[in-house]
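Coordinates as given in upload_9.txt (compact mmCIF, C-alpha atoms and all ligand atoms):
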# COMPACT_ATOMS: atom_id res chain seq x y z
CA MET T 1 64.04 -31.84 52.64
CA THR T 2 61.70 -31.80 55.59
CA THR T 3 58.13 -30.56 55.89
CA SER T 4 58.33 -30.32 59.67
CA LYS T 5 59.25 -26.64 59.37
CA ILE T 6 55.88 -25.69 57.90
CA HIS T 7 53.61 -23.37 59.90
CA SER T 8 51.26 -25.38 62.10
CA ASN T 9 48.20 -23.76 60.49
CA ILE T 10 49.00 -25.36 57.11
CA ILE T 11 47.27 -28.72 57.05
CA PHE T 12 47.72 -31.39 54.37
CA SER T 13 44.65 -33.61 54.28
CA GLN T 14 42.42 -35.49 51.86
CA LYS T 15 39.67 -35.38 54.51
CA VAL T 16 38.71 -31.75 54.00
CA ALA T 17 35.28 -31.95 55.60
CA ASP T 18 36.74 -33.41 58.83
CA GLU T 19 39.48 -30.77 59.03
CA LEU T 20 37.09 -27.94 58.25
CA GLU T 21 34.55 -29.15 60.79
CA LYS T 22 37.15 -28.74 63.58
CA ILE T 23 37.42 -25.06 62.64
CA VAL T 24 33.79 -24.30 61.81
CA LYS T 25 32.47 -25.54 65.16
CA GLN T 26 34.53 -22.85 66.94
CA TYR T 27 32.30 -20.15 65.38
CA PRO T 28 28.73 -19.30 66.43
CA VAL T 29 25.70 -20.50 64.51
CA GLY T 30 24.78 -17.95 61.85
CA LYS T 31 28.34 -16.63 61.69
CA ARG T 32 29.83 -19.18 59.29
CA PHE T 33 30.26 -18.08 55.67
CA LEU T 34 31.76 -19.65 52.57
CA LEU T 35 33.00 -17.91 49.42
CA THR T 36 33.77 -19.73 46.20
CA GLU T 37 33.57 -19.27 42.42
CA GLU T 38 31.73 -21.13 39.66
CA THR T 39 34.18 -23.95 38.88
CA PRO T 40 35.25 -25.00 42.39
CA ARG T 41 31.58 -24.69 43.41
CA GLN T 42 30.76 -27.44 40.92
CA LEU T 43 33.87 -29.56 41.36
CA CYS T 44 34.90 -29.24 45.00
CA LEU T 45 31.86 -28.19 47.05
CA PRO T 46 29.91 -31.45 46.68
CA GLN T 47 32.22 -33.16 49.19
CA LEU T 48 31.37 -30.45 51.74
CA GLU T 49 27.60 -30.52 51.25
CA LYS T 50 26.83 -32.34 54.49
CA LEU T 51 29.08 -30.06 56.54
CA ILE T 52 27.50 -26.98 54.93
CA GLU T 53 24.03 -28.23 55.80
CA ASP T 54 24.83 -29.51 59.31
CA TYR T 55 26.52 -26.26 60.34
CA GLY T 56 24.25 -23.85 58.45
CA ILE T 57 27.16 -22.39 56.51
CA GLN T 58 25.93 -19.57 54.25
CA VAL T 59 27.41 -19.88 50.76
CA THR T 60 28.01 -17.27 48.07
CA SER T 61 30.01 -17.34 44.86
CA ILE T 62 31.51 -14.93 42.37
CA ALA T 63 32.37 -15.33 38.69
CA GLY T 64 35.78 -16.87 37.97
CA GLY T 65 38.70 -15.44 36.00
CA GLU T 66 41.37 -12.81 36.62
CA THR T 67 39.13 -9.95 35.39
CA ASN T 68 36.83 -10.67 38.35
CA LYS T 69 39.62 -10.13 40.89
CA SER T 70 38.11 -6.68 41.13
CA ILE T 71 36.49 -4.15 43.44
CA ARG T 72 33.09 -5.10 41.89
CA SER T 73 33.42 -8.67 43.16
CA VAL T 74 34.62 -7.42 46.56
CA GLU T 75 31.53 -5.22 46.86
CA LYS T 76 29.27 -8.16 46.07
CA VAL T 77 30.79 -10.24 48.87
CA TRP T 78 30.83 -7.34 51.38
CA GLU T 79 27.13 -6.86 50.59
CA PHE T 80 26.39 -10.57 51.13
CA LEU T 81 28.21 -10.54 54.49
CA SER T 82 26.50 -7.34 55.58
CA LYS T 83 23.00 -8.56 54.67
CA ASN T 84 23.51 -11.87 56.42
CA GLY T 85 24.73 -10.53 59.74
CA ALA T 86 28.46 -11.23 59.57
CA ASP T 87 30.50 -9.61 62.31
CA ARG T 88 33.98 -9.63 63.78
CA LYS T 89 33.40 -13.03 65.35
CA SER T 90 32.49 -14.59 62.00
CA LEU T 91 34.44 -16.95 59.79
CA LEU T 92 34.88 -16.79 55.99
CA ILE T 93 35.92 -20.02 54.25
CA ASN T 94 37.54 -19.35 50.86
CA ILE T 95 37.43 -22.25 48.41
CA GLY T 96 39.05 -21.80 45.02
CA GLY T 97 42.18 -20.89 43.12
CA GLY T 98 44.49 -17.95 43.77
CA MET T 99 42.08 -15.42 42.33
CA LEU T 100 39.50 -16.46 44.90
CA THR T 101 41.81 -16.82 47.92
CA ASP T 102 43.46 -13.43 47.22
CA LEU T 103 40.06 -11.75 46.94
CA GLY T 104 38.39 -13.65 49.80
CA GLY T 105 41.32 -12.89 52.11
CA PHE T 106 40.99 -9.20 51.26
CA VAL T 107 37.22 -9.21 51.83
CA ALA T 108 37.62 -10.88 55.23
CA SER T 109 40.51 -8.60 56.25
CA THR T 110 38.55 -5.44 55.52
CA PHE T 111 34.97 -6.34 56.50
CA LYS T 112 34.32 -4.54 59.81
CA ARG T 113 38.15 -4.19 59.90
CA GLY T 114 38.68 -7.92 59.93
CA MET T 115 37.05 -11.27 60.47
CA ALA T 116 38.69 -14.70 60.53
CA PHE T 117 39.27 -16.58 57.28
CA VAL T 118 40.56 -19.95 56.18
CA ASN T 119 41.68 -20.99 52.71
CA LEU T 120 40.98 -24.25 50.89
CA PRO T 121 43.07 -23.89 47.72
CA THR T 122 41.79 -25.88 44.74
CA THR T 123 44.47 -25.19 42.09
CA LEU T 124 48.14 -26.15 42.09
CA LEU T 125 49.12 -22.49 42.06
CA ALA T 126 46.97 -21.71 45.08
CA GLN T 127 48.23 -24.78 46.99
CA VAL T 128 51.94 -23.98 46.57
CA ASP T 129 51.71 -20.21 46.67
CA ALA T 130 48.61 -17.98 46.64
CA SER T 131 46.64 -19.39 49.58
CA LEU T 132 49.67 -19.12 51.87
CA GLY T 133 51.45 -16.18 53.38
CA GLY T 134 48.80 -13.52 53.72
CA LYS T 135 49.24 -11.43 50.56
CA THR T 136 45.57 -10.63 49.93
CA GLY T 137 44.19 -8.23 47.35
CA ILE T 138 42.68 -7.32 44.03
CA ASN T 139 43.72 -5.79 40.72
CA PHE T 140 43.03 -2.09 40.18
CA ASN T 141 43.68 0.50 37.50
CA GLY T 142 45.15 -2.09 35.14
CA LEU T 143 47.74 -3.13 37.74
CA LYS T 144 48.14 -6.48 39.46
CA ASN T 145 47.33 -6.67 43.18
CA GLU T 146 47.37 -2.89 43.39
CA ILE T 147 45.04 -2.85 46.41
CA GLY T 148 45.46 -5.24 49.31
CA VAL T 149 46.67 -5.99 52.80
CA PHE T 150 49.03 -8.47 54.44
CA ASN T 151 46.96 -10.71 56.67
CA GLU T 152 47.53 -14.40 57.14
CA PRO T 153 44.65 -16.91 57.04
CA ASP T 154 43.82 -18.66 60.29
CA ALA T 155 44.38 -21.98 58.51
CA VAL T 156 45.07 -23.42 55.08
CA ILE T 157 43.82 -26.90 54.24
CA ILE T 158 45.65 -28.42 51.28
CA ASN T 159 43.81 -31.30 49.63
CA THR T 160 45.85 -32.44 46.63
CA GLY T 161 42.83 -34.55 45.59
CA PHE T 162 41.26 -31.35 44.25
CA LEU T 163 44.00 -31.14 41.61
CA LYS T 164 42.79 -34.09 39.54
CA THR T 165 40.40 -31.84 37.57
CA ILE T 166 42.91 -29.08 36.82
CA ASP T 167 43.56 -28.58 33.09
CA ASP T 168 47.09 -28.78 31.66
CA GLN T 169 47.60 -25.03 31.35
CA ASN T 170 46.56 -24.33 34.92
CA PHE T 171 48.74 -27.19 36.09
CA LEU T 172 51.72 -25.62 34.33
CA SER T 173 50.78 -22.22 35.73
CA GLY T 174 51.11 -23.55 39.28
CA TYR T 175 54.26 -25.46 38.33
CA ALA T 176 55.83 -22.13 37.36
CA GLU T 177 55.70 -20.87 40.95
CA MET T 178 57.26 -24.15 42.08
CA LEU T 179 60.09 -23.63 39.57
CA LYS T 180 60.54 -20.16 41.08
CA HIS T 181 60.79 -21.70 44.55
CA GLY T 182 63.50 -24.07 43.33
CA LEU T 183 65.45 -21.28 41.64
CA ILE T 184 65.42 -18.90 44.60
CA LYS T 185 66.03 -21.29 47.46
CA ASN T 186 66.34 -24.99 46.86
CA PRO T 187 68.49 -26.68 44.15
CA ALA T 188 67.17 -30.13 45.19
CA HIS T 189 63.61 -28.91 44.62
CA TRP T 190 64.66 -27.53 41.23
CA ASP T 191 66.21 -30.90 40.30
CA GLU T 192 63.10 -32.86 41.31
CA LEU T 193 60.94 -30.48 39.23
CA MET T 194 63.23 -30.98 36.23
CA SER T 195 62.95 -34.76 36.48
CA TYR T 196 59.18 -34.90 37.20
CA SER T 197 57.18 -36.07 34.16
CA LEU T 198 54.76 -33.39 32.99
CA GLU T 199 53.31 -35.73 30.36
CA ASN T 200 52.24 -38.36 32.84
CA ILE T 201 51.24 -36.79 36.16
CA ASP T 202 52.06 -38.98 39.16
CA TYR T 203 49.74 -37.59 41.88
CA ASP T 204 51.40 -39.49 44.74
CA ALA T 205 54.81 -38.05 43.89
CA LEU T 206 53.21 -34.65 43.36
CA GLN T 207 51.98 -34.42 46.95
CA GLU T 208 55.56 -34.73 48.21
CA ILE T 209 56.86 -32.13 45.73
CA ILE T 210 54.07 -29.73 46.67
CA ALA T 211 55.11 -30.03 50.31
CA HIS T 212 58.69 -29.10 49.38
CA SER T 213 57.44 -26.01 47.55
CA VAL T 214 55.26 -25.03 50.50
CA VAL T 215 58.34 -25.19 52.77
CA VAL T 216 60.12 -22.63 50.56
CA LYS T 217 57.12 -20.27 50.47
CA ASP T 218 56.48 -20.60 54.18
CA TRP T 219 60.14 -20.05 55.15
CA HIS T 220 60.15 -16.64 53.44
CA VAL T 221 56.79 -15.67 54.94
CA GLN T 222 57.79 -16.66 58.47
CA ASN T 223 61.00 -14.65 58.17
CA ASP T 224 59.50 -11.50 56.64
CA LEU T 225 55.70 -11.38 56.48
CA THR T 226 55.43 -7.81 55.18
CA GLU T 227 58.16 -8.08 52.51
CA LYS T 228 60.65 -5.61 53.93
CA ASN T 229 63.54 -7.90 53.12
CA ILE T 230 63.99 -11.59 52.23
CA ARG T 231 60.35 -12.14 51.18
CA LYS T 232 61.26 -10.14 48.08
CA ALA T 233 62.85 -13.41 46.90
CA LEU T 234 59.33 -14.81 46.33
CA ASN T 235 58.83 -12.00 43.84
CA PHE T 236 61.55 -13.32 41.48
CA GLY T 237 60.16 -13.17 37.93
CA HIS T 238 57.31 -10.89 38.96
CA THR T 239 58.69 -7.42 38.13
CA ALA T 240 58.70 -8.28 34.43
CA GLY T 241 56.08 -11.04 34.90
CA HIS T 242 53.35 -8.76 36.25
CA ALA T 243 54.13 -6.29 33.45
CA PHE T 244 53.59 -9.08 30.88
CA GLU T 245 50.42 -10.23 32.68
CA SER T 246 48.83 -6.76 32.89
CA TYR T 247 49.88 -5.87 29.36
CA ALA T 248 48.51 -9.14 27.98
CA LEU T 249 45.21 -8.76 29.83
CA HIS T 250 44.64 -5.23 28.57
CA SER T 251 45.68 -5.91 25.00
CA GLY T 252 43.11 -8.69 24.73
CA ARG T 253 45.61 -11.60 24.80
CA PRO T 254 45.35 -12.73 28.46
CA ILE T 255 47.90 -15.17 29.84
CA LEU T 256 47.81 -17.19 33.07
CA HIS T 257 49.75 -15.81 36.03
CA GLY T 258 52.27 -18.68 36.09
CA TYR T 259 53.03 -18.29 32.38
CA ALA T 260 53.63 -14.58 32.94
CA VAL T 261 55.98 -15.48 35.81
CA VAL T 262 57.94 -17.82 33.51
CA TYR T 263 58.28 -15.07 30.90
CA GLY T 264 59.29 -12.70 33.69
CA MET T 265 61.86 -15.21 34.96
CA LEU T 266 63.36 -15.43 31.44
CA VAL T 267 63.89 -11.66 31.45
CA GLU T 268 65.17 -11.68 35.03
CA LEU T 269 67.49 -14.68 34.49
CA TYR T 270 69.12 -12.66 31.71
CA LEU T 271 69.49 -9.74 34.15
CA SER T 272 70.82 -12.22 36.72
CA ALA T 273 73.55 -13.28 34.29
CA LYS T 274 74.45 -9.65 33.53
CA VAL T 275 74.30 -8.25 37.07
CA CYS T 276 74.96 -11.21 39.40
CA GLY T 277 77.08 -13.54 37.28
CA PHE T 278 74.44 -16.26 36.81
CA ASP T 279 76.03 -18.94 34.62
CA GLN T 280 75.55 -18.33 30.86
CA ASN T 281 75.27 -22.02 29.98
CA GLN T 282 72.61 -22.54 32.62
CA LEU T 283 70.78 -19.49 31.31
CA GLN T 284 70.67 -21.10 27.85
CA THR T 285 69.58 -24.53 29.14
CA ILE T 286 66.84 -23.17 31.41
CA SER T 287 65.57 -20.73 28.77
CA GLN T 288 65.24 -23.48 26.15
CA TRP T 289 63.43 -25.75 28.64
CA MET T 290 61.01 -22.96 29.61
CA LEU T 291 60.42 -22.01 25.99
CA LYS T 292 59.66 -25.64 25.07
CA VAL T 293 57.20 -26.12 27.96
CA TYR T 294 55.57 -22.65 28.20
CA GLY T 295 55.97 -21.19 24.70
CA LYS T 296 56.12 -17.41 24.54
CA PHE T 297 54.01 -14.27 24.74
CA ASP T 298 55.19 -12.55 21.57
CA ILE T 299 56.34 -8.95 21.86
CA THR T 300 57.95 -6.41 19.55
CA PRO T 301 60.24 -3.48 20.45
CA SER T 302 57.19 -1.21 20.19
CA ASP T 303 55.83 -2.90 23.35
CA TYR T 304 58.92 -2.13 25.46
CA ASP T 305 57.88 1.32 26.69
CA SER T 306 54.50 0.05 27.91
CA LEU T 307 56.12 -2.93 29.64
CA TYR T 308 58.72 -0.65 31.24
CA GLU T 309 56.01 1.76 32.43
CA LEU T 310 54.18 -1.16 34.08
CA MET T 311 57.42 -2.21 35.81
CA THR T 312 57.69 1.26 37.36
CA HIS T 313 54.59 0.35 39.44
CA ASP T 314 56.19 -2.73 41.01
CA LYS T 315 55.77 -2.75 44.80
CA LYS T 316 59.47 -3.49 45.44
CA ASN T 317 60.56 -0.22 43.82
CA GLU T 318 62.13 2.50 45.94
CA GLY T 319 63.21 6.07 45.26
CA GLY T 320 62.32 5.87 41.56
CA ARG T 321 64.49 2.75 41.04
CA ILE T 322 63.13 -0.50 39.63
CA ASN T 323 64.29 -3.04 42.21
CA PHE T 324 64.64 -6.56 40.85
CA THR T 325 65.10 -9.79 42.74
CA LEU T 326 67.81 -11.72 40.86
CA ILE T 327 69.80 -14.92 41.42
CA SER T 328 73.56 -15.50 41.25
CA GLU T 329 73.12 -19.29 41.11
CA ILE T 330 70.27 -21.71 41.68
CA GLY T 331 69.29 -21.27 45.32
CA GLN T 332 71.19 -17.98 45.84
CA VAL T 333 69.09 -14.87 45.69
CA ALA T 334 70.07 -11.18 45.49
CA ILE T 335 67.31 -8.71 46.38
CA ASN T 336 67.11 -4.96 45.61
CA GLN T 337 69.03 -5.12 42.34
CA ASP T 338 68.74 -1.86 40.49
CA CYS T 339 68.83 -2.20 36.67
CA SER T 340 68.98 0.60 34.11
CA LYS T 341 66.27 1.09 31.49
CA GLU T 342 68.87 0.24 28.84
CA LEU T 343 69.69 -3.10 30.46
CA ILE T 344 65.99 -3.92 30.92
CA PHE T 345 65.43 -3.28 27.20
CA GLU T 346 68.43 -5.54 26.44
CA ALA T 347 66.79 -8.27 28.57
CA LEU T 348 63.53 -7.79 26.64
CA ASP T 349 65.56 -8.22 23.41
CA PHE T 350 66.94 -11.50 24.78
CA TYR T 351 63.40 -12.67 25.59
CA ARG T 352 61.99 -11.53 22.22
CA GLU T 353 64.72 -13.30 20.27
CA LEU T 354 64.36 -16.67 22.08
N1 LIG Z 401 48.74 -14.12 47.28
C1 LIG Z 401 49.80 -14.67 46.73
O1 LIG Z 401 50.84 -14.84 47.36
C2 LIG Z 401 49.73 -15.13 45.31
C3 LIG Z 401 50.72 -15.99 44.82
C4 LIG Z 401 50.64 -16.41 43.49
C5 LIG Z 401 49.57 -16.00 42.68
N2 LIG Z 401 48.62 -15.19 43.22
C6 LIG Z 401 47.44 -14.82 42.41
O2 LIG Z 401 46.70 -16.01 42.16
C7 LIG Z 401 45.96 -15.86 40.95
C8 LIG Z 401 46.16 -17.07 40.08
O3 LIG Z 401 45.70 -18.20 40.78
P1 LIG Z 401 45.17 -19.49 40.00
O4 LIG Z 401 46.15 -19.88 38.97
O5 LIG Z 401 44.75 -20.47 40.99
O6 LIG Z 401 43.95 -18.86 39.18
P2 LIG Z 401 42.37 -18.98 39.35
O7 LIG Z 401 41.96 -18.84 40.75
O8 LIG Z 401 41.80 -18.05 38.35
O9 LIG Z 401 42.10 -20.50 38.90
C9 LIG Z 401 42.50 -20.93 37.62
C10 LIG Z 401 41.33 -21.67 36.91
O10 LIG Z 401 41.14 -22.92 37.56
C11 LIG Z 401 39.74 -23.11 37.86
N3 LIG Z 401 39.68 -24.04 38.99
C12 LIG Z 401 39.78 -23.78 40.31
N4 LIG Z 401 39.80 -24.92 41.01
C13 LIG Z 401 39.70 -25.93 40.12
C14 LIG Z 401 39.67 -27.34 40.22
N5 LIG Z 401 39.83 -27.98 41.39
N6 LIG Z 401 39.56 -28.07 39.07
C15 LIG Z 401 39.48 -27.45 37.86
N7 LIG Z 401 39.51 -26.13 37.71
C16 LIG Z 401 39.63 -25.36 38.82
C17 LIG Z 401 39.24 -21.70 38.09
O11 LIG Z 401 37.85 -21.63 37.93
C18 LIG Z 401 40.00 -20.94 37.01
O12 LIG Z 401 39.34 -21.05 35.78
C19 LIG Z 401 46.45 -14.57 40.31
O13 LIG Z 401 45.50 -13.56 40.56
C20 LIG Z 401 47.75 -14.27 41.05
O14 LIG Z 401 48.02 -12.91 41.07
C21 LIG Z 401 48.67 -14.75 44.50
O1 LIG Z 402 54.29 -14.35 48.45
C1 LIG Z 402 54.93 -13.46 47.87
O2 LIG Z 402 55.55 -12.59 48.48
C2 LIG Z 402 54.96 -13.40 46.40
O3 LIG Z 402 55.49 -12.46 45.84
C3 LIG Z 402 54.34 -14.54 45.65
C4 LIG Z 402 53.98 -14.24 44.21
O4 LIG Z 402 54.01 -15.49 43.53
C5 LIG Z 402 52.57 -13.69 44.03
O5 LIG Z 402 52.25 -13.63 42.67
C6 LIG Z 402 52.24 -12.38 44.73
O6 LIG Z 402 50.85 -12.15 44.69
C7 LIG Z 402 52.89 -11.19 44.07
O7 LIG Z 402 52.66 -10.10 44.90
P1 LIG Z 402 52.94 -8.58 44.51
O8 LIG Z 402 53.30 -7.99 45.83
O9 LIG Z 402 54.07 -8.53 43.52
O10 LIG Z 402 51.68 -8.07 43.95
ZN ZN Z 403 53.15 -15.24 41.56

As structure tokens:
Amino acid sequence: MTTSKIHSNIIFSQKVADELEKIVKQYPVGKRFLLTEETPRQLCLPQLEKLIEDYGIQVTSIAGGETNKSIRSVEKVWEFLSKNGADRKSLLINIGGGMLTDLGGFVASTFKRGMAFVNLPTTLLAQVDASLGGKTGINFNGLKNEIGVFNEPDAVIINTGFLKTIDDQNFLSGYAEMLKHGLIKNPAHWDELMSYSLENIDYDALQEIIAHSVVVKDWHVQNDLTEKNIRKALNFGHTAGHAFESYALHSGRPILHGYAVVYGMLVELYLSAKVCGFDQNQLQTISQWMLKVYGKFDITPSDYDSLYELMTHDKKNEGGRINFTLISEIGQVAINQDCSKELIFEALDFYREL
């Protein structure tokens, strides 16, 4: 696997301040802004203190957590930019996990109809997935990423050094999107993820594996930025996964995005076996591995209607059909797969009985 096919604006570097300085100096004094949230502010900003001071970067932060990926937080940041004289020639630096980079990208894309932004992802999930590819947005009306725009960041600086403070659950959450990348596009990536030790994190090896995951994400984005076609592959596990995530959040049992994606992939691997001939033995092996590592969000048949209703809001749907992305084998994806309500309920039975 090669990383040479990655977009030139995706930079891997442990010297974040040096890389960021090259960008910041291209923007006028007084027009440099930084958005972060509580935890990365404490853990990651200290190494940028000198740069912030030298270049007069104006810093603001919002509260962390998925419930703050909201219009209220967006308003706060718009207000900060407006009061401090941001304009179309300004730069917004987003430093944080996927919640922050999704929201910060949306704020920058909509403020005065768009200002430049760069992402410095600080979680595994944001480094392999959320900070890349220009899906920006917020949750609305109980639905994930209901409001947003496609708009790519001017640059993404990936510093794997930031990951040393990530807790186990958030590590696994990011790992889930890497598993998805292996399943949809790259059997070798899948194999390396299966043999990587999750008990004893080897950070040097991780950097290489992250780069392989970034190649998969970036390939889909470069080929179909606005998700008309092959980018739908990156949404594998998300039709059911977002339904689990929204349902969990609003029933007071929140789960991390990556866990929801794993539970969604379990449902959609079952559908893959039924609709696309995905191997039954592999379905059993992968399901047991995922169950062992990620556990389960328990559901009963009385939850099915609510989960199904949430799936009807998925952005891939067309003409009243729920359009799944499925796989016929590891690395072979099939987009726009229509499944009946009956079959979806059967897949939820499979998940529930695991
Ligand atoms: N735009 C996309 O393509 C895309 C892709 C995947 C996921 N997402 C979105 O990303 C979000 C999930 O991202 P996430 O998992 O990064 O969540 P997150 O941003 O909420 O971060 C997870 C937790 O890690 C903390 N954190 C951040 N940096 C840290 C660090 N260096 N050390 C220790 N803790 C740190 C945060 O404060 C938070 O508590 C969801 O909203 C999901 O919908 C978007
Ligand atoms: O980049 C993409 O395309 C993805 O679908 C990546 C997903 O991991 C991510 O969770 C994305 O935010 C989902 O987008 P949505 O369009 O289903 O809201
Ligand atoms: Zn995702």

Go through T:Val216, T:Ile52, T:Leu172, T:Val156 and flag the residue nearest ligand LIG 401 (chain Z), using only C-alpha atoms and all ligand atoms for the distances.
->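 Comparing T:Val216, T:Ile52, T:Leu172, T:Val156 against ligand LIG 401 (chain Z), the winner is T:Leu172.
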
List the neighbours of Lys217 (chain T) out to 12 Å using all atoms listed in the file; skip same-chain residues closer than 6 positions along the sequence, and give me the result as an mmCIF file with C-alpha atoms, in the coordinates of the input.
data_model
loop_
_atom_site.group_PDB
_atom_site.id
_atom_site.type_symbol
_atom_site.label_atom_id
_atom_site.label_comp_id
_atom_site.auth_asym_id
_atom_site.auth_seq_id
_atom_site.Cartn_x
_atom_site.Cartn_y
_atom_site.Cartn_z
ATOM 1 C CA THR T 3 58.130 -30.560 55.890
ATOM 2 C CA LYS T 5 59.250 -26.640 59.370
ATOM 3 C CA ILE T 6 55.880 -25.690 57.900
ATOM 4 C CA HIS T 7 53.610 -23.370 59.900
ATOM 5 C CA ILE T 10 49.000 -25.360 57.110
ATOM 6 C CA LEU T 125 49.120 -22.490 42.060
ATOM 7 C CA ALA T 126 46.970 -21.710 45.080
ATOM 8 C CA GLN T 127 48.230 -24.780 46.990
ATOM 9 C CA VAL T 128 51.940 -23.980 46.570
ATOM 10 C CA ASP T 129 51.710 -20.210 46.670
ATOM 11 C CA ALA T 130 48.610 -17.980 46.640
ATOM 12 C CA SER T 131 46.640 -19.390 49.580
ATOM 13 C CA LEU T 132 49.670 -19.120 51.870
ATOM 14 C CA GLY T 133 51.450 -16.180 53.380
ATOM 15 C CA GLY T 134 48.800 -13.520 53.720
ATOM 16 C CA LYS T 135 49.240 -11.430 50.560
ATOM 17 C CA GLU T 177 55.700 -20.870 40.950
ATOM 18 C CA MET T 178 57.260 -24.150 42.080
ATOM 19 C CA LEU T 179 60.090 -23.630 39.570
ATOM 20 C CA LYS T 180 60.540 -20.160 41.080
ATOM 21 C CA HIS T 181 60.790 -21.700 44.550
ATOM 22 C CA GLY T 182 63.500 -24.070 43.330
ATOM 23 C CA ILE T 184 65.420 -18.900 44.600
ATOM 24 C CA LYS T 185 66.030 -21.290 47.460
ATOM 25 C CA ASN T 186 66.340 -24.990 46.860
ATOM 26 C CA ILE T 210 54.070 -29.730 46.670
ATOM 27 C CA ALA T 211 55.110 -30.030 50.310
ATOM 28 C CA ASN T 223 61.000 -14.650 58.170
ATOM 29 C CA ASP T 224 59.500 -11.500 56.640
ATOM 30 C CA LEU T 225 55.700 -11.380 56.480
ATOM 31 C CA ILE T 230 63.990 -11.590 52.230
ATOM 32 C CA ARG T 231 60.350 -12.140 51.180
ATOM 33 C CA LYS T 232 61.260 -10.140 48.080
ATOM 34 C CA ALA T 233 62.850 -13.410 46.900
ATOM 35 C CA LEU T 234 59.330 -14.810 46.330
ATOM 36 C CA ASN T 235 58.830 -12.000 43.840
#

What are the centre and the three edge lengths of an axis-aligned box that wraps all atoms of ligand LIG 401 (chain Z) in the file, given that 4 Å is added to every side, written as lines of an AutoDock Vina configuration file and rounded to one decimal in Å?
center_x = 44.3
center_y = -20.5
center_z = 41.6
size_x = 21.0
size_y = 23.2
size_z = 19.6

What's the 12 Å shell around region 302-304 of chain T, counting all atoms listed in the file, without same-chain residues fewer than 5 positions away, as a list of chain:residue names?
->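 These residues fall inside the cut-off: T:Ala240, T:Ala243, T:Phe244, T:Tyr247, T:Ala248, T:Ser251, T:Phe297, T:Glu309, T:Leu310, T:Met311, T:Lys341, T:Glu342, T:Leu343, T:Ile344, T:Phe345, T:Glu346, T:Ala347, T:Leu348, T:Asp349, T:Tyr351, T:Arg352.
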
Would you mind telling me which residue in T:Gly30, T:Gly137, T:Pro254, T:Gly114 lies nearest to ligand LIG 401 (chain Z) when using all atoms listed in the file?
->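 For ligand LIG 401 (chain Z), the nearest of the given residues is T:Gly137.
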
Please identify the residues whose atoms come within 6 Å of ligand LIG 401 (chain Z), using all atoms listed in the file, and report them as an MDAnalysis selection string.
-> chainID T and resid 39:40 64:66 96:100 102 122:123 125:126 129:130 135:136 162:163 165:166 170 257

Tell me which protein, DNA and RNA residues are within 12 Å of Glu192 (chain T), counting only C-alpha atoms, leaving out same-chain ones fewer than 3 positions away, and put them as a ChimeraX atom specification.
-> /T:1,175,178-179,181-183,186-189,195-198,205-206,208-210,212-213

Can those selected residues be exported to a file as a PDB file, in the frame of the given file so that it contains C-alpha atoms?
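Contents of result.pdb, as written:
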ATOM      1  CA  MET T   1      64.040 -31.840  52.640  1.00  0.00           C
ATOM      2  CA  TYR T 175      54.260 -25.460  38.330  1.00  0.00           C
ATOM      3  CA  MET T 178      57.260 -24.150  42.080  1.00  0.00           C
ATOM      4  CA  LEU T 179      60.090 -23.630  39.570  1.00  0.00           C
ATOM      5  CA  HIS T 181      60.790 -21.700  44.550  1.00  0.00           C
ATOM      6  CA  GLY T 182      63.500 -24.070  43.330  1.00  0.00           C
ATOM      7  CA  LEU T 183      65.450 -21.280  41.640  1.00  0.00           C
ATOM      8  CA  ASN T 186      66.340 -24.990  46.860  1.00  0.00           C
ATOM      9  CA  PRO T 187      68.490 -26.680  44.150  1.00  0.00           C
ATOM     10  CA  ALA T 188      67.170 -30.130  45.190  1.00  0.00           C
ATOM     11  CA  HIS T 189      63.610 -28.910  44.620  1.00  0.00           C
ATOM     12  CA  SER T 195      62.950 -34.760  36.480  1.00  0.00           C
ATOM     13  CA  TYR T 196      59.180 -34.900  37.200  1.00  0.00           C
ATOM     14  CA  SER T 197      57.180 -36.070  34.160  1.00  0.00           C
ATOM     15  CA  LEU T 198      54.760 -33.390  32.990  1.00  0.00           C
ATOM     16  CA  ALA T 205      54.810 -38.050  43.890  1.00  0.00           C
ATOM     17  CA  LEU T 206      53.210 -34.650  43.360  1.00  0.00           C
ATOM     18  CA  GLU T 208      55.560 -34.730  48.210  1.00  0.00           C
ATOM     19  CA  ILE T 209      56.860 -32.130  45.730  1.00  0.00           C
ATOM     20  CA  ILE T 210      54.070 -29.730  46.670  1.00  0.00           C
ATOM     21  CA  HIS T 212      58.690 -29.100  49.380  1.00  0.00           C
ATOM     22  CA  SER T 213      57.440 -26.010  47.550  1.00  0.00           C
TER      23      SER T 213
END

re CA of Trp78 (chain T) and CA of Phe117 (chain T): distance 13.8 Å

Given only C-alpha atoms and all ligand atoms as the counted atoms, nearest of T:Ser306, T:Thr160, T:Thr300, T:Asn145 to ligand ZN 403 (chain Z) = T:Asn145
